[in-house]
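The data block below is entry-v4.txt; it holds compact mmCIF, C-alpha atoms.
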```
# COMPACT_ATOMS: atom_id res chain seq x y z
CA MET A 1 137.20 37.99 167.48
CA SER A 2 134.11 39.67 166.04
CA GLU A 3 132.93 38.71 162.57
CA HIS A 4 132.97 42.43 161.71
CA GLU A 5 136.74 42.56 162.22
CA PHE A 6 137.07 40.90 158.83
CA GLU A 7 135.45 43.85 157.08
CA PRO A 8 137.97 45.68 154.88
CA VAL A 9 136.24 48.92 155.85
CA ARG A 10 133.89 49.19 158.84
CA GLY A 11 130.32 48.69 157.68
CA LEU A 12 131.28 47.86 154.10
CA PRO A 13 131.58 44.42 152.46
CA GLU A 14 134.54 45.46 150.31
CA PRO A 15 137.03 48.32 149.92
CA LEU A 16 135.69 51.46 148.30
CA PRO A 17 136.49 51.78 144.60
CA ARG A 18 138.61 54.64 143.40
CA GLY A 19 136.74 57.92 143.44
CA GLU A 20 134.28 56.90 146.15
CA SER A 21 134.53 58.28 149.67
CA ILE A 22 132.58 58.00 152.91
CA LEU A 23 130.64 61.15 153.76
CA TRP A 24 128.89 59.91 156.89
CA GLN A 25 128.68 56.71 158.90
CA GLY A 26 126.66 55.85 161.98
CA GLY A 27 123.88 53.73 163.38
CA PRO A 28 120.65 53.78 165.36
CA ARG A 29 120.40 55.01 168.93
CA TRP A 30 119.30 51.86 170.69
CA THR A 31 116.95 53.53 173.19
CA VAL A 32 115.00 55.21 170.39
CA LEU A 33 114.99 51.98 168.40
CA ALA A 34 113.56 50.18 171.44
CA ARG A 35 110.71 52.68 171.70
CA GLN A 36 109.84 52.97 168.03
CA ALA A 37 110.66 49.63 166.40
CA PHE A 38 110.22 47.29 169.36
CA HIS A 39 107.41 49.30 171.02
CA ALA A 40 108.96 48.92 174.48
CA THR A 41 107.06 51.91 175.85
CA THR A 42 103.73 50.53 174.64
CA ILE A 43 104.47 47.13 176.16
CA ALA A 44 105.45 48.75 179.46
CA ILE A 45 102.19 50.72 179.55
CA TYR A 46 100.24 47.54 178.74
CA PHE A 47 101.75 45.64 181.65
CA GLY A 48 101.32 48.68 183.90
CA VAL A 49 97.60 48.71 183.11
CA LEU A 50 97.38 44.98 183.81
CA LEU A 51 99.10 45.40 187.18
CA ALA A 52 96.83 48.32 188.10
CA TRP A 53 93.74 46.33 187.10
CA ARG A 54 94.93 43.33 189.14
CA ALA A 55 95.54 45.52 192.19
CA LEU A 56 92.11 47.13 191.83
CA HIS A 57 90.48 43.72 191.46
CA ALA A 58 92.23 42.48 194.61
CA ALA A 59 91.06 45.52 196.57
CA GLN A 60 87.46 45.22 195.41
CA SER A 61 87.26 41.47 196.01
CA GLY A 62 88.71 41.72 199.52
CA GLU A 63 91.82 39.64 198.87
CA THR A 64 94.51 39.67 201.51
CA PHE A 65 97.96 40.99 200.75
CA SER A 66 99.39 37.47 200.51
CA GLN A 67 96.62 36.39 198.16
CA ALA A 68 97.22 39.32 195.79
CA ALA A 69 101.00 39.37 196.05
CA VAL A 70 101.72 36.09 194.26
CA PRO A 71 99.78 36.71 191.01
CA MET A 72 100.98 40.32 190.90
CA ALA A 73 104.57 39.22 191.41
CA LEU A 74 104.24 36.71 188.60
CA LEU A 75 102.76 39.37 186.32
CA ALA A 76 105.54 41.78 187.24
CA LEU A 77 108.13 39.09 186.51
CA LEU A 78 106.54 38.41 183.11
CA ALA A 79 106.63 42.13 182.35
CA ALA A 80 110.29 42.38 183.33
CA VAL A 81 111.24 39.40 181.17
CA ALA A 82 109.29 40.68 178.15
CA LEU A 83 110.72 44.19 178.41
CA GLY A 84 114.20 42.85 179.06
CA LEU A 85 114.08 40.74 175.91
CA LEU A 86 112.86 43.68 173.85
CA LEU A 87 115.62 45.93 175.17
CA ILE A 88 118.27 43.29 174.50
CA LEU A 89 117.00 42.81 170.94
CA ALA A 90 116.98 46.56 170.38
CA TRP A 91 120.54 46.86 171.69
CA PHE A 92 121.79 44.06 169.45
CA ALA A 93 119.94 45.43 166.42
CA SER A 94 121.51 48.81 167.05
CA SER A 95 125.03 47.63 167.85
CA THR A 96 125.26 45.43 164.74
CA ALA A 97 123.86 48.04 162.34
CA VAL A 98 126.08 50.44 160.44
CA TYR A 99 124.66 52.93 157.96
CA THR A 100 127.07 54.45 155.46
CA VAL A 101 126.54 57.33 153.04
CA THR A 102 129.16 57.72 150.34
CA ASN A 103 129.28 60.07 147.39
CA ARG A 104 127.68 57.31 145.27
CA ARG A 105 125.41 55.15 147.42
CA VAL A 106 123.90 54.22 150.75
CA VAL A 107 125.09 51.02 152.40
CA MET A 108 123.17 49.30 155.19
CA ARG A 109 124.99 46.62 157.16
CA ILE A 110 122.32 45.05 159.34
CA GLY A 111 121.41 41.77 161.01
CA ILE A 112 121.73 40.28 164.48
CA VAL A 113 122.32 36.61 163.72
CA LEU A 114 122.99 36.78 159.99
CA THR A 115 124.71 39.99 158.96
CA VAL A 116 124.00 41.26 155.45
CA SER A 117 124.96 44.41 153.58
CA TYR A 118 122.64 46.18 151.17
CA ASN A 119 124.15 48.51 148.59
CA LEU A 120 121.70 51.17 147.46
CA PRO A 121 123.15 53.24 144.60
CA PHE A 122 121.62 56.69 144.29
CA ARG A 123 120.07 55.73 140.95
CA ALA A 124 118.09 53.01 142.78
CA ILE A 125 116.53 55.54 145.19
CA GLU A 126 113.36 57.12 143.84
CA ALA A 127 112.57 59.34 146.81
CA ALA A 128 113.46 59.90 150.44
CA GLY A 129 111.57 61.06 153.50
CA LEU A 130 112.74 62.57 156.76
CA ARG A 131 110.98 62.31 160.12
CA VAL A 132 112.52 64.16 163.05
CA ASN A 133 111.57 63.59 166.69
CA ARG A 134 111.54 66.30 169.35
CA ASP A 135 114.93 65.21 170.65
CA GLY A 136 116.55 65.58 167.23
CA THR A 137 116.69 61.89 166.48
CA GLY A 138 114.80 60.66 163.45
CA ASP A 139 114.40 58.34 160.51
CA ILE A 140 115.28 58.63 156.83
CA ASN A 141 113.19 56.28 154.70
CA LEU A 142 114.33 55.42 151.19
CA LEU A 143 111.75 54.62 148.51
CA LEU A 144 113.46 52.35 146.00
CA THR A 145 112.64 52.23 142.33
CA PRO A 146 110.15 49.46 141.44
CA GLU A 147 112.81 47.20 139.94
CA ASN A 148 114.86 47.33 143.14
CA LYS A 149 113.09 45.51 145.93
CA ILE A 150 114.26 44.02 149.22
CA ALA A 151 112.02 41.73 151.26
CA TRP A 152 110.38 43.43 154.25
CA LEU A 153 111.46 40.70 156.68
CA ASN A 154 115.06 40.91 155.48
CA LEU A 155 115.16 44.59 156.42
CA TRP A 156 113.26 44.58 159.73
CA PRO A 157 113.59 46.53 161.97
CA HIS A 158 115.37 48.85 159.53
CA VAL A 159 112.26 49.24 157.40
CA ARG A 160 109.26 51.57 157.26
CA PRO A 161 106.27 50.06 159.07
CA TRP A 162 103.29 48.75 157.10
CA ARG A 163 104.95 49.15 153.68
CA VAL A 164 105.06 45.42 152.95
CA LYS A 165 104.16 45.47 149.27
CA ARG A 166 106.88 47.96 148.44
CA PRO A 167 109.30 47.90 151.40
CA GLU A 168 111.24 51.05 152.16
CA PRO A 169 114.65 50.69 153.85
CA VAL A 170 115.01 53.13 156.74
CA LEU A 171 118.02 54.62 158.46
CA ARG A 172 116.35 54.44 161.87
CA ALA A 173 116.75 56.27 165.14
CA LEU A 174 119.54 58.50 163.86
CA PRO A 175 121.10 61.09 166.14
CA GLU A 176 121.05 64.44 164.28
CA ALA A 177 118.79 63.03 161.58
CA ALA A 178 118.34 66.39 159.82
CA ARG A 179 122.11 66.77 159.37
CA VAL A 180 122.39 63.26 157.92
CA ALA A 181 119.51 64.03 155.54
CA ALA A 182 121.35 67.16 154.39
CA ILE A 183 124.51 65.16 153.75
CA LEU A 184 122.57 62.58 151.75
CA SER A 185 120.74 65.25 149.74
CA GLN A 186 123.96 67.03 148.85
CA ALA A 187 125.62 63.76 147.87
CA VAL A 188 122.78 62.81 145.55
CA ALA A 189 122.73 66.30 144.05
CA ALA A 190 126.45 66.13 143.34
CA ALA A 191 126.27 62.61 141.91
CA LEU A 192 123.29 63.23 139.63
CA GLU A 193 124.09 66.75 138.48
CA PRO A 194 125.22 66.54 134.82
CA ALA A 195 127.79 69.30 135.24
CA ALA A 196 129.33 67.77 138.34
CA ILE A 197 131.86 65.79 136.32
CA ALA A 198 133.20 68.73 134.37
CA THR A 199 132.76 71.57 136.87
CA PRO A 200 134.41 71.59 140.30
CA ARG A 201 131.92 72.10 143.14
CA THR A 202 132.43 74.48 146.00
CA ALA A 203 131.88 73.18 149.49
CA VAL A 204 128.32 73.38 150.80
CA PRO A 205 127.71 73.55 154.56
CA ARG A 206 126.35 70.25 155.83
CA GLU A 207 123.46 71.99 157.56
CA THR A 208 122.14 73.40 154.27
CA VAL A 209 119.43 71.06 152.99
CA ILE A 210 119.02 70.78 149.24
CA GLU A 211 116.53 68.48 147.63
CA PRO A 212 117.68 66.40 144.65
CA LEU A 213 115.18 63.81 145.87
CA PRO A 214 111.72 64.59 147.20
CA MET A 215 112.78 64.88 150.86
CA VAL A 216 109.39 65.04 152.52
CA ALA A 217 108.12 64.43 156.02
CA ALA A 218 107.53 60.75 156.64
CA HIS A 219 104.53 59.63 158.61
```

Would you write the structure of this file as structure tokens?
Amino acid sequence: MSEHEFEPVRGLPEPLPRGESILWQGGPRWTVLARQAFHATTIAIYFGVLLAWRALHAAQSGETFSQAAVPMALLALLAAVALGLLLILAWFASSTAVYTVTNRRVVMRIGIVLTVSYNLPFRAIEAAGLRVNRDGTGDINLLLTPENKIAWLNLWPHVRPWRVKRPEPVLRALPEAARVAAILSQAVAAALEPAAIATPRTAVPRETVIEPLPMVAAH
């Protein structure tokens, strides 16, 4: 039995309180996470260059096929093991992560060995950024207010690179990232709008992006 089967609601540490509802729930696409967070493509290119250099060296030094085959086979095996481990880690990081957007907060359930859930109320989010890849996948980074801080290592790989001093949680490798950003923007707008309590809101298409937070391109 999986440890996540004990969750009262998938991806959430406890049942939703009255008046709160899930607007969107999903997780990273593991192949994109492998490329971006675990740098699998970069590692593959690195080993490819090493293999090409070793083959060129063997040709220039006059080595026989048998002399060159053993070290190249060992290097190829090392590359396969390294890439295999990275892909496995990316798959586990993706399969254990659940991102949830409700009408009041963002919840990140992450962790491969030790699973933790981070509740990020909208009032704790100072700004948000959206980065969309050519295939439509993308990241939504969340800049927390200064008094709300989560350790960079506790969030990795669901964190914006190189922002160690003020870590930014990231909903990474999302399919249809722009649509998720629109859902989040609309939810924050509805939650923070003073008249939202007294005045009923009409439905807004999910594809219409509004900006209650500075939703800017993340680099």

| query | Which polymer residues have any atom within 9 Å of an atom of A:Ala79, counting only C-alpha atoms, with same-chain residues fewer than 6 positions away left out, as a list of chain:residue names? | reply |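 In the requested format, the answer is A:Ile43, A:Ala44, A:Phe47, A:Gly48.
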
| Taking into account all atoms listed in the file, which residue in the set A:Gly111, A:Phe92, A:Ala40, A:Leu33 is nearest to A:Ala80? |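 Between A:Gly111, A:Phe92, A:Ala40, A:Leu33, the residue approaching A:Ala80 most closely is A:Ala40.
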
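Atom CA of A:Gly84 is found 27.2 Å from atom CA of A:Phe65.
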
| message | Could you check the closest approach to A:Ala128 for each of A:Leu23, A:Val188, A:Leu153, A:Ala69 and tell me which residue wins, using all atoms listed in the file? | response | A:Val188

| Given the choices A:Ala73, A:Leu86, A:Ala173, A:Ile150, which gets closest to A:Gly138 if the distance is worked out from all atoms listed in the file? |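 Checking each candidate against A:Gly138, we get A:Ala173 as the closest.
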
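With atom CA of A:Lys149 on one side and atom CA of A:Val116 on the other, the separation reads 15.1 Å.
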
| Closest of A:Pro146, A:Arg172, A:Val159, A:Met72 to A:Ala52 - atom-to-atom distances counting all atoms listed in the file |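 The shortest atom-to-atom distance to A:Ala52 comes from A:Met72.
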
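For the atom pair formed by atom CA of A:Arg179 and atom CA of A:Val101, the distance is 12.2 Å, given to one decimal.
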
| said: If we count all atoms listed in the file and set the cut-off at 7 Å, which residues sit around A:Asn141, ignoring sequence neighbours fewer than 5 positions away in its own chain? Please answer as a ChimeraX atom specification. | reply: /A:128-130,160,168-171

Export, as an mmCIF file, in the frame of the given file, the selected residues with C-alpha atoms.
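Okay, selection-v2.cif is ready:
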```cif
data_model
loop_
_atom_site.group_PDB
_atom_site.id
_atom_site.type_symbol
_atom_site.label_atom_id
_atom_site.label_comp_id
_atom_site.auth_asym_id
_atom_site.auth_seq_id
_atom_site.Cartn_x
_atom_site.Cartn_y
_atom_site.Cartn_z
ATOM 1 C CA ALA A 128 113.460 59.900 150.440
ATOM 2 C CA GLY A 129 111.570 61.060 153.500
ATOM 3 C CA LEU A 130 112.740 62.570 156.760
ATOM 4 C CA ARG A 160 109.260 51.570 157.260
ATOM 5 C CA GLU A 168 111.240 51.050 152.160
ATOM 6 C CA PRO A 169 114.650 50.690 153.850
ATOM 7 C CA VAL A 170 115.010 53.130 156.740
ATOM 8 C CA LEU A 171 118.020 54.620 158.460
#
```

| query | Can you list, as an NGL selection string, every protein, DNA or RNA residue that comes within 8 Å of A:Ser95 when you count all atoms listed in the file, leaving out same-chain residues fewer than 5 positions away? | reply | :A and (27-28 or 30)

| field | Proximity to A:Trp156 - best of A:Ser21, A:Ser94, A:Thr102, A:Asn119, all atoms listed in the file | value |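 Between A:Ser21, A:Ser94, A:Thr102, A:Asn119, the residue approaching A:Trp156 most closely is A:Ser94.
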
| From the set A:His158, A:Arg131, A:Arg29, A:Arg123, which residue has the shortest atom-to-atom contact distance to A:Arg109, counting all atoms listed in the file? |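 Comparing A:His158, A:Arg131, A:Arg29, A:Arg123 against A:Arg109, the winner is A:His158.
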
| request: For A:Val9, list every protein, DNA or RNA residue within 12 Å, evaluated using only C-alpha atoms, and leave out those in the same chain fewer than 6 positions away; present the list as a list in words. | output: Pro15, Leu16, Pro17, Ser21, Ile22, Gln25, Val98, Thr100, Val107 and Arg109 of chain A

Using the selection just defined, write its residues with C-alpha atoms as an mmCIF file, in the frame of the given file.
```
data_model
loop_
_atom_site.group_PDB
_atom_site.id
_atom_site.type_symbol
_atom_site.label_atom_id
_atom_site.label_comp_id
_atom_site.auth_asym_id
_atom_site.auth_seq_id
_atom_site.Cartn_x
_atom_site.Cartn_y
_atom_site.Cartn_z
ATOM 1 C CA PRO A 15 137.030 48.320 149.920
ATOM 2 C CA LEU A 16 135.690 51.460 148.300
ATOM 3 C CA PRO A 17 136.490 51.780 144.600
ATOM 4 C CA SER A 21 134.530 58.280 149.670
ATOM 5 C CA ILE A 22 132.580 58.000 152.910
ATOM 6 C CA GLN A 25 128.680 56.710 158.900
ATOM 7 C CA VAL A 98 126.080 50.440 160.440
ATOM 8 C CA THR A 100 127.070 54.450 155.460
ATOM 9 C CA VAL A 107 125.090 51.020 152.400
ATOM 10 C CA ARG A 109 124.990 46.620 157.160
#
```

Taking all atoms of stretch 155-166 of chain A that the file lists and extending 8 Å past them on each side, where is the centre of the axis-aligned box and how long are its edges? Answer in Å to one decimal, as AutoDock Vina command-line options.
```
--center_x 109.3 --center_y 48.1 --center_z 155.2 --size_x 28.1 --size_y 23.0 --size_z 29.5
```

| Selection near A:Tyr46, 12 Å with all atoms listed in the file, sequence-local residues under 5 positions removed, as JSON, numbers by chain | {"A": [39, 40, 41, 51, 52, 53, 75, 76, 78, 79, 82, 83]}

Please, could you write that set of residues out with C-alpha atoms as a PDB file, in the coordinates of the input?
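Output (part-v1.pdb):
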```
ATOM      1  CA  HIS A  39     107.410  49.300 171.020  1.00  0.00           C
ATOM      2  CA  ALA A  40     108.960  48.920 174.480  1.00  0.00           C
ATOM      3  CA  THR A  41     107.060  51.910 175.850  1.00  0.00           C
ATOM      4  CA  LEU A  51      99.100  45.400 187.180  1.00  0.00           C
ATOM      5  CA  ALA A  52      96.830  48.320 188.100  1.00  0.00           C
ATOM      6  CA  TRP A  53      93.740  46.330 187.100  1.00  0.00           C
ATOM      7  CA  LEU A  75     102.760  39.370 186.320  1.00  0.00           C
ATOM      8  CA  ALA A  76     105.540  41.780 187.240  1.00  0.00           C
ATOM      9  CA  LEU A  78     106.540  38.410 183.110  1.00  0.00           C
ATOM     10  CA  ALA A  79     106.630  42.130 182.350  1.00  0.00           C
ATOM     11  CA  ALA A  82     109.290  40.680 178.150  1.00  0.00           C
ATOM     12  CA  LEU A  83     110.720  44.190 178.410  1.00  0.00           C
TER      13      LEU A  83
END
```

How would stretch 142-163 of chain A look with N, CA and C atoms restored, written as a short mmCIF file (atom, residue, chain, number, x, y, z; two decimals), in the frame of the given file?
```
data_model
loop_
_atom_site.label_atom_id
_atom_site.label_comp_id
_atom_site.auth_asym_id
_atom_site.auth_seq_id
_atom_site.Cartn_x
_atom_site.Cartn_y
_atom_site.Cartn_z
N LEU A 142 113.88 55.39 152.58
CA LEU A 142 114.33 55.42 151.19
C LEU A 142 113.35 54.61 150.33
N LEU A 143 112.64 55.29 149.44
CA LEU A 143 111.75 54.62 148.51
C LEU A 143 112.56 54.19 147.30
N LEU A 144 112.67 52.87 147.11
CA LEU A 144 113.46 52.35 146.00
C LEU A 144 112.64 52.33 144.72
N THR A 145 113.32 52.35 143.61
CA THR A 145 112.64 52.23 142.33
C THR A 145 111.98 50.86 142.24
N PRO A 146 110.91 50.72 141.45
CA PRO A 146 110.15 49.46 141.44
C PRO A 146 110.98 48.23 141.12
N GLU A 147 112.00 48.37 140.30
CA GLU A 147 112.81 47.20 139.94
C GLU A 147 113.81 46.81 141.02
N ASN A 148 113.96 47.64 142.02
CA ASN A 148 114.86 47.33 143.14
C ASN A 148 114.02 47.10 144.39
N LYS A 149 113.95 45.87 144.81
CA LYS A 149 113.09 45.51 145.93
C LYS A 149 113.82 44.58 146.89
N ILE A 150 113.69 44.86 148.17
CA ILE A 150 114.26 44.02 149.22
C ILE A 150 113.11 43.54 150.10
N ALA A 151 113.11 42.29 150.46
CA ALA A 151 112.02 41.73 151.26
C ALA A 151 111.90 42.45 152.59
N TRP A 152 110.66 42.70 153.02
CA TRP A 152 110.38 43.43 154.25
C TRP A 152 111.03 42.76 155.45
N LEU A 153 110.90 41.43 155.54
CA LEU A 153 111.46 40.70 156.68
C LEU A 153 112.98 40.75 156.70
N ASN A 154 113.60 40.83 155.53
CA ASN A 154 115.06 40.91 155.48
C ASN A 154 115.57 42.24 156.03
N LEU A 155 114.74 43.26 155.96
CA LEU A 155 115.16 44.59 156.42
C LEU A 155 114.81 44.86 157.87
N TRP A 156 113.76 44.24 158.39
CA TRP A 156 113.26 44.58 159.73
C TRP A 156 114.36 44.43 160.78
N PRO A 157 114.47 45.38 161.73
CA PRO A 157 113.59 46.53 161.97
C PRO A 157 113.98 47.80 161.22
N HIS A 158 114.89 47.68 160.26
CA HIS A 158 115.37 48.85 159.53
C HIS A 158 114.51 49.06 158.29
N VAL A 159 113.20 49.15 158.51
CA VAL A 159 112.26 49.24 157.40
C VAL A 159 111.06 50.06 157.86
N ARG A 160 110.42 50.74 156.93
CA ARG A 160 109.26 51.57 157.26
C ARG A 160 108.06 50.67 157.58
N PRO A 161 107.39 50.91 158.69
CA PRO A 161 106.27 50.06 159.07
C PRO A 161 105.14 50.07 158.04
N TRP A 162 104.51 48.92 157.88
CA TRP A 162 103.29 48.75 157.10
C TRP A 162 103.48 48.95 155.60
N ARG A 163 104.71 49.04 155.13
CA ARG A 163 104.95 49.15 153.68
C ARG A 163 105.48 47.81 153.18
#
```
